[in-house]
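Only one structure is covered here, and it is reproduced in the block below.
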Amino acid sequence: MKEYLCKNHSKITGITFPDINIVRIRVRNGYDQFTQKDSVAVVEQDKKIEIFINQSNDVPEELVISPEKNSDSSIIYNKESELITFFYKRRCIAKTISPIYSNNKGTYVDFENPGEEYNFYGLGEKAGRLEKTGEDWVLKNNETYSYSEKCDSLYASIPFFIVVTKNDTFGIFLDQIQHSFFDFGKSKNHNKFTFGSESHHEIDFYFIFGNNPNEIVKSYFKLTGYSYFPPRRAFGHHQCRWSYKNEKQIRKLICNFKKHNVPCDMIYFDIDYMDKFKIFTVNEKAFPDIHNLLKDIKNEGYHPTFIVDPGVKEEAGYRVYEDGMKNNIFLKDSNGIWKGKVWAEGKTVFPDFYKNETRQWWANLHKNFVTKKLRTHVDIWNDMNEIAHGLKENPDDVFFEYNDRSLPYKEFHNAYALMEAKATNDYAKDSGKRTFILSRAGFSGIQRYAGIWTGDNWSNYSHLKMTISMMLNLSLSGIPIVGCDGLGYGGFCTPGAAIRWTQAMCLLPIMRFHSAKWFPPKEPWSFGKVVLKHIKKYIKLRYKFLPHLYNLAHKSHTKGELIIKPIFFDYPEDENTYNLDNQYLVGDSILVAPVVTPLLPWKKLYLPEGKWIRLEDGKEFTGRKWVRMLVPYSKCPIFIKKGSVIATQDVGTNHEPLNKTLFINVYPPEKGEILYEFYDDDGVNYNTKPTIINIKVDDRKILIKSISRGDSHYESIVVRVGDIEIKKIFLEELAFDEFSFV
């Protein structure tokens with residue numbers, strides 16, 4: 001890959017195009033060549049893009065740099081002023097307004113928009129509004145219990161953001177693990193912004209060009225990797241509490257799911273399953289026969305998920321600690337092994353996941369624990385991995401070891417959870433079973449290995465509203481598998497709030513109920529029969545749409561599509577969509593507009609361009625309008641876009657369909673045609689032969705054909721248009737079928 005280098009003003013600037021719509025800018029203080037950088041976020045690029053450099057006819061010191069002679073994407077770099085102007089389709093969309101500079105806090109770059117005001121989105125897990133204009137943020141992974149709006153340093157740091165105006169869209173990814181800073185017009189006008197990191201030596205960022213937010217995010221996925229593909233069960237309901245302390249409580253929980261006929265797939269084991277909070281051990285007093293308990297859980301149709309924290313108790317004779325000491329696994333400071341305080345009595349030490357040997361050691365620990373102690377495959381929940389170390393400040397003299405280099409803990413801990421997730425994922429691949437991996441902390445690239453949830457939230461309506469914005473920003477920041485502690489980890493959840501939380505979560509990628517031990521239980525039946533009825537309705541609605549969610553997750557894994565997204569993502573030309581905090585799209589076809597305020601039975605919502613069909617009664621609405629509707633606790637506004645195809649199933653007790661029938665629900669377009677692809681597999685293994693069905697619909701007929709027939713949860717397909725069943729086809733007979741529905 002060709003790189004343009006320029007040395008001037010005691011700096012060296014490097015410019016490359018990893019892809020035709022991505023330019024990488026590196027600036028380093030001093031004339032030294034750029035040091036070796038093995039990015040933990042960016043995957044190896046297959047393309048070898050040549051760049052074309054032409055001198056400006058008007059300004060001799062200006063160079064026009066592009067990846068192709070007639071490329072849509074290009075920059076002008078001024079060798080004297082060091083200013084950079086970014087062009088897309090010959091239109092100036094952004095430019096730096098000063099040379100990249102350093103001060104005692106770090107290295108920064110200032111941008112401005114030559115015309116319209118910007119709208120900013122992204123940065124992953126940030127509390128508050130969806131749209132971030134006029135705000136400033138710090139990215140620093142930190143354990144934060146019961147965070148509030150605009151709380152700066154949360155669990156995950158994703159230094160990627162998208163800028164949208166009515167005419168232009170671009171993205172910027174700052175590929176630096178150090179604590180980073182983003183000022184989206186708070187200290188300047190709203191058409192100016194600044195970003196930088198604590199590095200005093202270098203700044204390294206990617207500017208991403210595109211026609212719309214979808215193209216920007218897909219390019220970001222090309223840089224940092226597509227999402228991992230969880231097993232099918234992960235898209236069911238998850239039940240967790242700190243803690244179900246013993247076997248009796250777990251068995252009672254399962255009995256209650258059966259008794260109340262509430263679908264569920266995932267049962268979580270929190271830290272109390274361990275012996276004195278030592279990872280990879282079992283408290284044999286509380287769980288005297290863990291193997292048979294897990295066997296019974298699976299026989300009932302549920303799947304266990306075990307929490308695994310990174311902290312290792314310092315204890316002589318404890319196999320994990322002794323083995324880690326023997327193999328030089330743990331982080332060190334000037335006194336020897338660095339020690340913190342987490343759950344276990346005494347001191348805690350921490351593995352250095354930047355080292356290849358540590359990651360292999362970690363994967364083997366999982367393998368041995370699962371195969372020898374649990375004796376059944378389990379899913380993994382990585383918590384406390386910011387790192388939560390119990391000390392007031394991050395240490396000054398602890399270093400990670402990465403590719404024969406020492407990386408200061410204070411500067412590089414943001415990627416600790418990413419490296420842990422990589423190691424956990426190695427266990428999963430070695431097992432041959434697709435494993436659901438959930439992480440609290442993270443950095444760009446973690447989507448390749450794990451999903452993220454939004455940490456220790458609260459049960460109130462403020463957190464409910466904020467959670468939707470947080471998950472939408474995580475999603476468009478390249479983390480499609482996202483969730484939250486449903487009904488709130490902390491606090492007392494009112495019956496009304498429990499209903500609204502469930503409705504808001506019903507079609508999110510992860511639906512997990514979780515609560516802390518200091519507060520009353522928050523299982524679906526904990527609020528009485530009336531509330532249970534409403535909660536169960538929306539959990540079952542989720543299971544009805546589970547094949548659609550699974551299909552979207554596969555598209556995310558293979559094509560970089562998002563499962564959930566803010567409304568503006570698909571409608572960037574509509575300025576009414578820019579600040580819609582409490583609505584979200586599921587794929588291209590479903591719009592969810594939950595109630596996120598107490599008491600008010602009315603909801604004012606916005607429907608974008610198109611015709612929208614209300615799910616509850618089939619009433620059709622014309623889009624690009626605000627709509628006000630009565631929304632009692634029994635209802636949540638959900639709409640299907642006309643001109644869509646959506647797969648559903650009948651609901652059983654878990655992710656398996658009640659029968660073996662897949663329902664293809666067609667909402668015909670008024671003109672034109674729809675192309676739809678349905679994907680299914682066994683939902684469990686890496687090496688599975690999928691079933692792929694292609695469907696084409698116009699305003700009067702449907703063509704349906706099988707591209708491949710393999711593993712599937714379905715034996716037959718029923719095609720429906722509205723409430724009318726048009727045709728039933730057995731999957732084993734499906735090759736090509738065309739029929740009219742008018």
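How things are named: the first chain in the structure tokens is A, the next is B, and so on; residues count from 1 in each chain; ligands count from 1 in the order shown.
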Just the alpha helix (DSSP H) stuff from region 122-325 of chain A, please, per backbone DSSP, written as a compact mmCIF listing (two decimals) with C-alpha atoms, in the first residue's frame.
# COMPACT_ATOMS: atom_id res chain seq x y z
CA PRO A 213 -24.59 6.61 7.37
CA ASN A 214 -25.03 3.03 6.17
CA GLU A 215 -22.03 3.31 3.84
CA ILE A 216 -19.97 4.93 6.60
CA VAL A 217 -20.65 2.12 9.08
CA LYS A 218 -19.99 -0.58 6.49
CA SER A 219 -16.59 0.99 5.79
CA TYR A 220 -15.89 1.08 9.52
CA PHE A 221 -16.70 -2.64 9.68
CA LYS A 222 -14.19 -3.21 6.86
CA LEU A 223 -11.58 -1.56 9.06
CA THR A 224 -12.38 -3.18 12.40
CA GLU A 247 -29.18 -25.04 43.19
CA LYS A 248 -32.55 -24.69 44.88
CA GLN A 249 -32.99 -21.12 43.64
CA ILE A 250 -32.03 -22.07 40.08
CA ARG A 251 -34.50 -24.95 40.03
CA LYS A 252 -37.23 -22.73 41.47
CA LEU A 253 -36.53 -20.14 38.78
CA ILE A 254 -37.00 -22.71 36.02
CA CYS A 255 -40.19 -24.00 37.63
CA ASN A 256 -41.57 -20.46 37.63
CA PHE A 257 -40.82 -19.98 33.94
CA LYS A 258 -42.73 -23.20 33.25
CA LYS A 259 -45.54 -22.37 35.67
CA ILE A 290 -23.26 -28.79 39.22
CA HIS A 291 -22.96 -31.25 36.33
CA ASN A 292 -26.41 -32.80 36.85
CA LEU A 293 -27.96 -29.39 37.53
CA LEU A 294 -26.70 -28.10 34.19
CA LYS A 295 -27.81 -31.30 32.50
CA ASP A 296 -31.32 -30.81 33.89
CA ILE A 297 -31.34 -27.14 32.87
CA LYS A 298 -30.53 -28.07 29.30
CA ASN A 299 -33.07 -30.89 29.26
CA ARG A 319 -4.53 -23.77 40.98
CA VAL A 320 -5.33 -20.80 38.72
CA TYR A 321 -3.15 -18.45 40.77
CA GLU A 322 -0.29 -20.92 41.08
CA ASP A 323 -0.37 -21.74 37.38
CA GLY A 324 -0.48 -18.05 36.44
CA MET A 325 2.53 -17.32 38.63
> Skipping near chain neighbours, those fewer than 4 positions away, what residues fall within 9 Å of Leu562 (chain A) using only C-alpha atoms, listed as a count of residues only?
Replying inline: 13
> CA of Asp152 (chain A) to CA of Lys341 (chain A): how many Å, to one decimal?
Replying inline: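 Atom-to-atom, CA of Asp152 (chain A) to CA of Lys341 (chain A), that is 23.8 Å.
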>> Using only C-alpha atoms for the distances, tell me which of A:Pro520, A:Thr96, A:Glu411, A:Thr424 is nearest to Ser459 (chain A).
In response: A:Pro520
List every residue of region 288-445 of chain A that DSSP, applied to the backbone of this structure, places in strand (DSSP E), and write the result as a short mmCIF file (atom, residue, chain, number, x, y, z; two decimals) with all heavy atoms, in the first residue's frame.
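Result file result-v8.cif:
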data_model
loop_
_atom_site.label_atom_id
_atom_site.label_comp_id
_atom_site.auth_asym_id
_atom_site.auth_seq_id
_atom_site.Cartn_x
_atom_site.Cartn_y
_atom_site.Cartn_z
N HIS A 303 -30.29 -22.65 28.61
CA HIS A 303 -28.83 -22.74 28.45
C HIS A 303 -28.16 -21.90 29.51
O HIS A 303 -28.51 -20.74 29.72
CB HIS A 303 -28.41 -22.25 27.06
CG HIS A 303 -27.04 -22.72 26.66
ND1 HIS A 303 -26.81 -23.93 26.06
CD2 HIS A 303 -25.82 -22.17 26.81
CE1 HIS A 303 -25.53 -24.10 25.83
NE2 HIS A 303 -24.90 -23.03 26.30
N PRO A 304 -27.16 -22.45 30.22
CA PRO A 304 -26.50 -21.71 31.30
C PRO A 304 -25.43 -20.75 30.77
O PRO A 304 -24.72 -21.05 29.80
CB PRO A 304 -25.87 -22.82 32.14
CG PRO A 304 -25.63 -23.94 31.17
CD PRO A 304 -26.71 -23.85 30.14
N THR A 305 -25.32 -19.61 31.44
CA THR A 305 -24.28 -18.62 31.15
C THR A 305 -23.54 -18.33 32.44
O THR A 305 -24.16 -17.98 33.46
CB THR A 305 -24.90 -17.32 30.60
OG1 THR A 305 -25.63 -17.61 29.41
CG2 THR A 305 -23.83 -16.30 30.29
N PHE A 306 -22.21 -18.44 32.43
CA PHE A 306 -21.40 -18.29 33.63
C PHE A 306 -20.57 -17.01 33.57
O PHE A 306 -19.92 -16.74 32.56
CB PHE A 306 -20.46 -19.50 33.79
CG PHE A 306 -21.13 -20.68 34.44
CD1 PHE A 306 -22.14 -21.38 33.79
CD2 PHE A 306 -20.75 -21.10 35.71
CE1 PHE A 306 -22.76 -22.47 34.37
CE2 PHE A 306 -21.36 -22.20 36.31
CZ PHE A 306 -22.37 -22.88 35.65
N ILE A 307 -20.61 -16.26 34.66
CA ILE A 307 -19.77 -15.07 34.76
C ILE A 307 -18.33 -15.49 35.00
O ILE A 307 -18.05 -16.42 35.75
CB ILE A 307 -20.27 -14.15 35.89
CG1 ILE A 307 -19.63 -12.75 35.79
CG2 ILE A 307 -20.01 -14.74 37.27
CD1 ILE A 307 -20.27 -11.72 36.70
N VAL A 312 -7.93 -12.64 39.57
CA VAL A 312 -7.57 -13.94 40.14
C VAL A 312 -7.16 -13.74 41.60
O VAL A 312 -6.28 -12.92 41.90
CB VAL A 312 -6.41 -14.59 39.36
CG1 VAL A 312 -5.98 -15.90 40.01
CG2 VAL A 312 -6.82 -14.82 37.90
N LYS A 313 -7.79 -14.47 42.52
CA LYS A 313 -7.47 -14.34 43.93
C LYS A 313 -6.03 -14.81 44.20
O LYS A 313 -5.61 -15.86 43.73
CB LYS A 313 -8.44 -15.17 44.78
CG LYS A 313 -8.15 -15.18 46.29
CD LYS A 313 -9.21 -15.97 47.04
CE LYS A 313 -8.84 -16.20 48.49
NZ LYS A 313 -8.54 -14.99 49.25
N LYS A 332 2.58 -6.78 36.19
CA LYS A 332 3.58 -6.45 37.19
C LYS A 332 3.69 -4.94 37.37
O LYS A 332 3.42 -4.17 36.44
CB LYS A 332 4.95 -7.00 36.77
CG LYS A 332 5.02 -8.51 36.62
CD LYS A 332 6.44 -8.92 36.22
CE LYS A 332 6.55 -10.42 36.05
NZ LYS A 332 5.79 -10.90 34.89
N ASP A 333 4.09 -4.54 38.56
CA ASP A 333 4.50 -3.16 38.81
C ASP A 333 5.91 -3.17 39.39
O ASP A 333 6.59 -4.21 39.38
CB ASP A 333 3.50 -2.43 39.72
CG ASP A 333 3.38 -3.06 41.11
OD1 ASP A 333 4.26 -3.89 41.49
OD2 ASP A 333 2.43 -2.73 41.82
N GLY A 336 6.74 -5.94 41.87
CA GLY A 336 6.53 -7.34 41.51
C GLY A 336 5.19 -7.51 40.84
O GLY A 336 4.87 -6.82 39.86
N ILE A 337 4.36 -8.43 41.34
CA ILE A 337 3.02 -8.64 40.79
C ILE A 337 2.11 -7.51 41.26
O ILE A 337 2.02 -7.21 42.45
CB ILE A 337 2.44 -10.00 41.23
CG1 ILE A 337 3.36 -11.14 40.75
CG2 ILE A 337 1.04 -10.19 40.68
CD1 ILE A 337 3.50 -11.24 39.25
N THR A 348 -6.09 -9.36 44.77
CA THR A 348 -6.44 -9.90 43.47
C THR A 348 -5.36 -9.52 42.47
O THR A 348 -4.88 -8.39 42.48
CB THR A 348 -7.80 -9.36 43.00
OG1 THR A 348 -8.80 -9.70 43.96
CG2 THR A 348 -8.19 -9.93 41.66
N VAL A 349 -5.01 -10.44 41.59
CA VAL A 349 -4.05 -10.17 40.53
C VAL A 349 -4.74 -10.33 39.18
O VAL A 349 -5.82 -10.93 39.09
CB VAL A 349 -2.81 -11.08 40.65
CG1 VAL A 349 -2.09 -10.82 41.96
CG2 VAL A 349 -3.20 -12.56 40.56
N ASP A 379 -22.31 -20.63 28.01
CA ASP A 379 -21.98 -19.31 27.49
C ASP A 379 -21.24 -18.52 28.56
O ASP A 379 -21.28 -18.86 29.75
CB ASP A 379 -23.26 -18.60 27.05
CG ASP A 379 -23.91 -19.27 25.86
OD1 ASP A 379 -23.18 -19.69 24.95
OD2 ASP A 379 -25.15 -19.40 25.83
N ILE A 380 -20.56 -17.45 28.13
CA ILE A 380 -19.63 -16.75 29.02
C ILE A 380 -19.99 -15.26 29.12
O ILE A 380 -20.23 -14.59 28.12
CB ILE A 380 -18.17 -16.88 28.52
CG1 ILE A 380 -17.78 -18.36 28.42
CG2 ILE A 380 -17.22 -16.12 29.43
CD1 ILE A 380 -17.77 -19.11 29.74
N TRP A 381 -19.95 -14.79 30.35
CA TRP A 381 -20.26 -13.40 30.68
C TRP A 381 -19.02 -12.78 31.32
O TRP A 381 -18.64 -13.12 32.42
CB TRP A 381 -21.47 -13.40 31.63
CG TRP A 381 -21.84 -12.13 32.29
CD1 TRP A 381 -21.57 -10.86 31.89
CD2 TRP A 381 -22.60 -12.01 33.50
NE1 TRP A 381 -22.10 -9.95 32.77
CE2 TRP A 381 -22.75 -10.63 33.76
CE3 TRP A 381 -23.16 -12.93 34.37
CZ2 TRP A 381 -23.43 -10.16 34.88
CZ3 TRP A 381 -23.84 -12.46 35.49
CH2 TRP A 381 -23.99 -11.10 35.73
N ASN A 382 -18.35 -11.87 30.58
CA ASN A 382 -17.13 -11.20 31.06
C ASN A 382 -17.50 -9.88 31.73
O ASN A 382 -17.91 -8.93 31.08
CB ASN A 382 -16.16 -10.94 29.92
CG ASN A 382 -15.51 -12.20 29.39
OD1 ASN A 382 -15.09 -12.26 28.24
ND2 ASN A 382 -15.39 -13.22 30.22
N PHE A 399 2.75 -2.19 33.15
CA PHE A 399 2.88 -2.21 31.70
C PHE A 399 2.33 -3.52 31.14
O PHE A 399 2.51 -4.58 31.73
CB PHE A 399 4.35 -2.05 31.28
CG PHE A 399 4.92 -0.70 31.57
CD1 PHE A 399 5.39 -0.41 32.85
CD2 PHE A 399 4.97 0.27 30.60
CE1 PHE A 399 5.91 0.84 33.13
CE2 PHE A 399 5.49 1.52 30.87
CZ PHE A 399 5.96 1.82 32.15
N PHE A 400 1.65 -3.41 29.99
CA PHE A 400 1.28 -4.59 29.22
C PHE A 400 2.45 -4.97 28.31
O PHE A 400 3.22 -4.10 27.88
CB PHE A 400 0.04 -4.32 28.36
CG PHE A 400 -1.18 -3.92 29.12
CD1 PHE A 400 -1.68 -2.63 29.03
CD2 PHE A 400 -1.84 -4.82 29.93
CE1 PHE A 400 -2.82 -2.25 29.72
CE2 PHE A 400 -2.97 -4.45 30.63
CZ PHE A 400 -3.46 -3.16 30.53
N GLU A 401 2.55 -6.25 27.99
CA GLU A 401 3.57 -6.72 27.05
C GLU A 401 2.88 -7.12 25.75
O GLU A 401 2.07 -8.05 25.73
CB GLU A 401 4.33 -7.91 27.64
CG GLU A 401 5.13 -7.57 28.88
CD GLU A 401 5.88 -8.78 29.43
OE1 GLU A 401 6.22 -9.68 28.63
OE2 GLU A 401 6.10 -8.83 30.64
N TYR A 402 3.20 -6.42 24.66
CA TYR A 402 2.53 -6.66 23.39
C TYR A 402 3.56 -6.66 22.25
O TYR A 402 4.17 -5.64 21.96
CB TYR A 402 1.47 -5.59 23.14
CG TYR A 402 0.60 -5.83 21.92
CD1 TYR A 402 -0.13 -7.01 21.80
CD2 TYR A 402 0.51 -4.88 20.91
CE1 TYR A 402 -0.94 -7.23 20.69
CE2 TYR A 402 -0.29 -5.10 19.80
CZ TYR A 402 -1.01 -6.27 19.70
OH TYR A 402 -1.81 -6.50 18.61
N ARG A 405 6.89 -5.21 22.99
CA ARG A 405 6.88 -3.82 23.39
C ARG A 405 6.17 -3.69 24.73
O ARG A 405 5.28 -4.48 25.05
CB ARG A 405 6.18 -2.94 22.35
CG ARG A 405 7.00 -2.75 21.07
CD ARG A 405 6.26 -1.86 20.09
NE ARG A 405 5.08 -2.51 19.55
CZ ARG A 405 3.93 -1.89 19.32
NH1 ARG A 405 3.80 -0.62 19.61
NH2 ARG A 405 2.91 -2.55 18.82
N SER A 406 6.54 -2.66 25.49
CA SER A 406 5.88 -2.38 26.76
C SER A 406 4.90 -1.23 26.57
O SER A 406 5.28 -0.17 26.07
CB SER A 406 6.91 -2.00 27.83
OG SER A 406 7.71 -3.12 28.16
N LEU A 407 3.65 -1.45 26.95
CA LEU A 407 2.59 -0.45 26.80
C LEU A 407 2.11 -0.03 28.18
O LEU A 407 1.66 -0.87 28.96
CB LEU A 407 1.42 -1.03 25.99
CG LEU A 407 1.76 -1.67 24.65
CD1 LEU A 407 0.51 -2.24 24.01
CD2 LEU A 407 2.43 -0.67 23.71
N PRO A 408 2.18 1.25 28.52
CA PRO A 408 1.77 1.70 29.86
C PRO A 408 0.29 1.42 30.13
O PRO A 408 -0.57 1.70 29.29
CB PRO A 408 2.03 3.21 29.83
CG PRO A 408 2.95 3.43 28.67
CD PRO A 408 2.66 2.36 27.68
N ILE A 437 -21.02 -14.63 24.05
CA ILE A 437 -20.05 -13.96 24.92
C ILE A 437 -20.52 -12.53 25.12
O ILE A 437 -20.75 -11.79 24.15
CB ILE A 437 -18.64 -13.98 24.31
CG1 ILE A 437 -18.19 -15.42 24.05
CG2 ILE A 437 -17.65 -13.27 25.22
CD1 ILE A 437 -16.89 -15.53 23.28
N LEU A 438 -20.67 -12.14 26.37
CA LEU A 438 -21.15 -10.81 26.73
C LEU A 438 -20.10 -10.11 27.58
O LEU A 438 -19.63 -10.67 28.57
CB LEU A 438 -22.47 -10.92 27.50
CG LEU A 438 -23.18 -9.61 27.85
CD1 LEU A 438 -23.62 -8.87 26.59
CD2 LEU A 438 -24.39 -9.88 28.74
N SER A 439 -19.73 -8.89 27.20
CA SER A 439 -18.69 -8.15 27.89
C SER A 439 -19.24 -6.83 28.42
O SER A 439 -20.08 -6.19 27.77
CB SER A 439 -17.52 -7.87 26.94
OG SER A 439 -16.52 -7.10 27.57
N GLY A 442 -15.10 -2.60 26.70
CA GLY A 442 -14.71 -2.89 25.33
C GLY A 442 -14.01 -1.73 24.66
O GLY A 442 -13.93 -0.63 25.20
N PHE A 443 -13.51 -2.03 23.47
CA PHE A 443 -12.87 -1.04 22.61
C PHE A 443 -13.23 -1.42 21.18
O PHE A 443 -13.72 -2.53 20.91
CB PHE A 443 -11.35 -1.05 22.83
CG PHE A 443 -10.61 0.03 22.10
CD1 PHE A 443 -10.68 1.34 22.53
CD2 PHE A 443 -9.85 -0.26 20.97
CE1 PHE A 443 -10.00 2.35 21.85
CE2 PHE A 443 -9.16 0.74 20.28
CZ PHE A 443 -9.24 2.05 20.73
#
>> Excluding region 497-501 of chain A and its own-chain neighbours fewer than 2 positions away, which residues fall within 10 Å of it when counting only C-alpha atoms? Please give them as a PyMOL selection string.
In response: chain A and resi 459-461+463-465+467+485-488+492-495+503-506+513+522-524+526-527+531-538+594-599+633-636
>> Measuring between only C-alpha atoms, which one of A:Met470, A:Ala344, A:Leu731, A:Leu5 shows the shortest distance to Lys132 (chain A)?
In response: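 Looking only at the distances to Lys132 (chain A), the closest residue turns out to be A:Met470.
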>> Need to verify the contact set: Cys92 (chain A), 12 Å, only C-alpha atoms, exclusion of same-chain residues closer than 2 positions in sequence. Can you return it as a list in words?
In response: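 Here the answer would be Asp72, Ser73, Ser74, Ile75, Ile76, Ile84, Thr85, Phe86, Phe87, Tyr88, Lys89, Arg90, Ala94, Lys95, Thr96, Glu112, Asn113, Pro114, Gly115, Glu116, Asn167, Asp168, Thr169, Phe170 and Phe209 of chain A.
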Generate a file of the selected residues that holds N, CA, C and O atoms, formatted as a tab-separated table (two decimals), in the first residue's frame.
chain	number	residue	atom	x	y	z
A	72	ASP	N	-14.37	9.34	-6.16
A	72	ASP	CA	-15.30	10.23	-5.45
A	72	ASP	C	-14.65	10.84	-4.22
A	72	ASP	O	-15.05	11.91	-3.76
A	73	SER	N	-13.66	10.14	-3.66
A	73	SER	CA	-13.03	10.56	-2.41
A	73	SER	C	-11.64	11.11	-2.70
A	73	SER	O	-10.85	10.49	-3.40
A	74	SER	N	-11.33	12.26	-2.12
A	74	SER	CA	-10.00	12.83	-2.29
A	74	SER	C	-9.74	13.84	-1.18
A	74	SER	O	-10.66	14.27	-0.48
A	75	ILE	N	-8.47	14.20	-1.03
A	75	ILE	CA	-8.10	15.25	-0.09
A	75	ILE	C	-7.13	16.21	-0.76
A	75	ILE	O	-6.47	15.86	-1.75
A	76	ILE	N	-7.08	17.41	-0.25
A	76	ILE	CA	-6.03	18.36	-0.62
A	76	ILE	C	-5.18	18.58	0.62
A	76	ILE	O	-5.70	18.95	1.68
A	84	ILE	N	-5.63	20.15	5.84
A	84	ILE	CA	-6.16	19.08	5.00
A	84	ILE	C	-7.63	19.38	4.73
A	84	ILE	O	-8.40	19.67	5.65
A	85	THR	N	-8.02	19.31	3.46
A	85	THR	CA	-9.42	19.50	3.07
A	85	THR	C	-9.92	18.20	2.46
A	85	THR	O	-9.23	17.58	1.63
A	86	PHE	N	-11.12	17.78	2.85
A	86	PHE	CA	-11.69	16.49	2.44
A	86	PHE	C	-12.83	16.73	1.45
A	86	PHE	O	-13.75	17.52	1.73
A	87	PHE	N	-12.76	16.04	0.31
A	87	PHE	CA	-13.76	16.21	-0.74
A	87	PHE	C	-14.45	14.87	-1.02
A	87	PHE	O	-13.81	13.82	-1.04
A	88	TYR	N	-15.75	14.98	-1.25
A	88	TYR	CA	-16.50	13.80	-1.71
A	88	TYR	C	-17.37	14.23	-2.87
A	88	TYR	O	-18.18	15.16	-2.76
A	89	LYS	N	-17.18	13.58	-4.00
A	89	LYS	CA	-17.88	13.94	-5.24
A	89	LYS	C	-17.68	15.42	-5.56
A	89	LYS	O	-18.62	16.14	-5.89
A	90	ARG	N	-16.43	15.84	-5.40
A	90	ARG	CA	-15.97	17.20	-5.72
A	90	ARG	C	-16.60	18.27	-4.83
A	90	ARG	O	-16.53	19.46	-5.13
A	94	ALA	N	-15.39	18.72	4.71
A	94	ALA	CA	-14.74	19.01	5.99
A	94	ALA	C	-13.33	19.49	5.73
A	94	ALA	O	-12.75	19.20	4.67
A	95	LYS	N	-12.77	20.22	6.70
A	95	LYS	CA	-11.37	20.62	6.57
A	95	LYS	C	-10.81	20.93	7.95
A	95	LYS	O	-11.53	21.32	8.87
A	96	THR	N	-9.51	20.70	8.08
A	96	THR	CA	-8.85	21.09	9.31
A	96	THR	C	-8.62	22.60	9.27
A	96	THR	O	-8.43	23.19	8.20
A	112	GLU	N	-13.57	21.92	10.78
A	112	GLU	CA	-14.78	22.72	10.61
A	112	GLU	C	-15.50	22.28	9.35
A	112	GLU	O	-14.91	21.68	8.44
A	113	ASN	N	-16.79	22.60	9.32
A	113	ASN	CA	-17.62	22.37	8.15
A	113	ASN	C	-17.73	23.69	7.40
A	113	ASN	O	-18.09	24.69	8.01
A	114	PRO	N	-17.46	23.71	6.14
A	114	PRO	CA	-17.51	24.97	5.41
A	114	PRO	C	-18.91	25.52	5.22
A	114	PRO	O	-19.07	26.68	4.83
A	115	GLY	N	-19.93	24.74	5.48
A	115	GLY	CA	-21.29	25.21	5.25
A	115	GLY	C	-22.22	24.96	6.40
A	115	GLY	O	-22.25	25.69	7.39
A	116	GLU	N	-22.99	23.86	6.31
A	116	GLU	CA	-24.05	23.60	7.28
A	116	GLU	C	-23.51	23.14	8.63
A	116	GLU	O	-22.38	22.68	8.74
A	167	ASN	N	-26.88	17.38	3.58
A	167	ASN	CA	-26.27	17.05	2.29
A	167	ASN	C	-25.08	16.12	2.37
A	167	ASN	O	-24.72	15.49	1.37
A	168	ASP	N	-24.44	16.04	3.52
A	168	ASP	CA	-23.18	15.30	3.61
A	168	ASP	C	-23.18	14.34	4.80
A	168	ASP	O	-23.88	14.55	5.78
A	169	THR	N	-22.35	13.31	4.67
A	169	THR	CA	-22.14	12.35	5.75
A	169	THR	C	-20.68	11.90	5.71
A	169	THR	O	-20.13	11.64	4.64
A	170	PHE	N	-20.05	11.81	6.86
A	170	PHE	CA	-18.73	11.21	6.94
A	170	PHE	C	-18.53	10.63	8.33
A	170	PHE	O	-19.29	10.90	9.27
A	209	PHE	N	-15.42	8.37	3.93
A	209	PHE	CA	-16.34	9.05	3.03
A	209	PHE	C	-17.53	8.13	2.72
A	209	PHE	O	-17.41	6.90	2.77
> When you draw a straight line from CA of Glu670 (chain A) to CA of Asp650 (chain A), how long is it in Å?
Replying inline: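 So the two atoms, CA of Glu670 (chain A) and CA of Asp650 (chain A), lie 28.4 Å apart.
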>> Excluding Lys126 (chain A) and its own-chain neighbours fewer than 3 positions away, which residues fall within 10 Å of it when counting only C-alpha atoms? Please give them as a PyMOL selection string.
In response: chain A and resi 122-123+129-130+132+137-139+149-158+454+466-467+469-471+473-474
Grab the residues selected above and save them as a CSV table (one decimal), in the first residue's frame with C-alpha atoms.
chain,number,residue,atom,x,y,z
A,122,GLY,CA,-21.5,7.6,18.0
A,123,LEU,CA,-18.7,7.2,20.5
A,129,ARG,CA,-29.0,12.1,24.2
A,130,LEU,CA,-28.6,10.2,20.9
A,132,LYS,CA,-24.1,14.7,20.6
A,137,TRP,CA,-16.6,13.7,26.0
A,138,VAL,CA,-13.7,11.7,27.4
A,139,LEU,CA,-13.2,8.0,26.5
A,149,GLU,CA,-26.8,11.5,32.1
A,150,LYS,CA,-23.6,13.0,30.6
A,151,CYS,CA,-21.5,10.7,32.8
A,152,ASP,CA,-18.2,10.8,31.0
A,153,SER,CA,-16.2,7.7,31.6
A,154,LEU,CA,-18.3,4.5,31.3
A,155,TYR,CA,-17.3,0.9,30.7
A,156,ALA,CA,-16.5,0.9,27.0
A,157,SER,CA,-14.6,3.2,24.7
A,158,ILE,CA,-15.4,3.3,21.0
A,454,THR,CA,-24.7,-1.0,29.2
A,466,MET,CA,-31.2,7.0,28.1
A,467,THR,CA,-30.7,3.2,27.5
A,469,SER,CA,-30.0,6.2,23.0
A,470,MET,CA,-26.9,4.4,24.4
A,471,MET,CA,-27.7,1.2,22.6
A,473,ASN,CA,-25.0,4.8,19.6
A,474,LEU,CA,-23.3,1.5,20.4
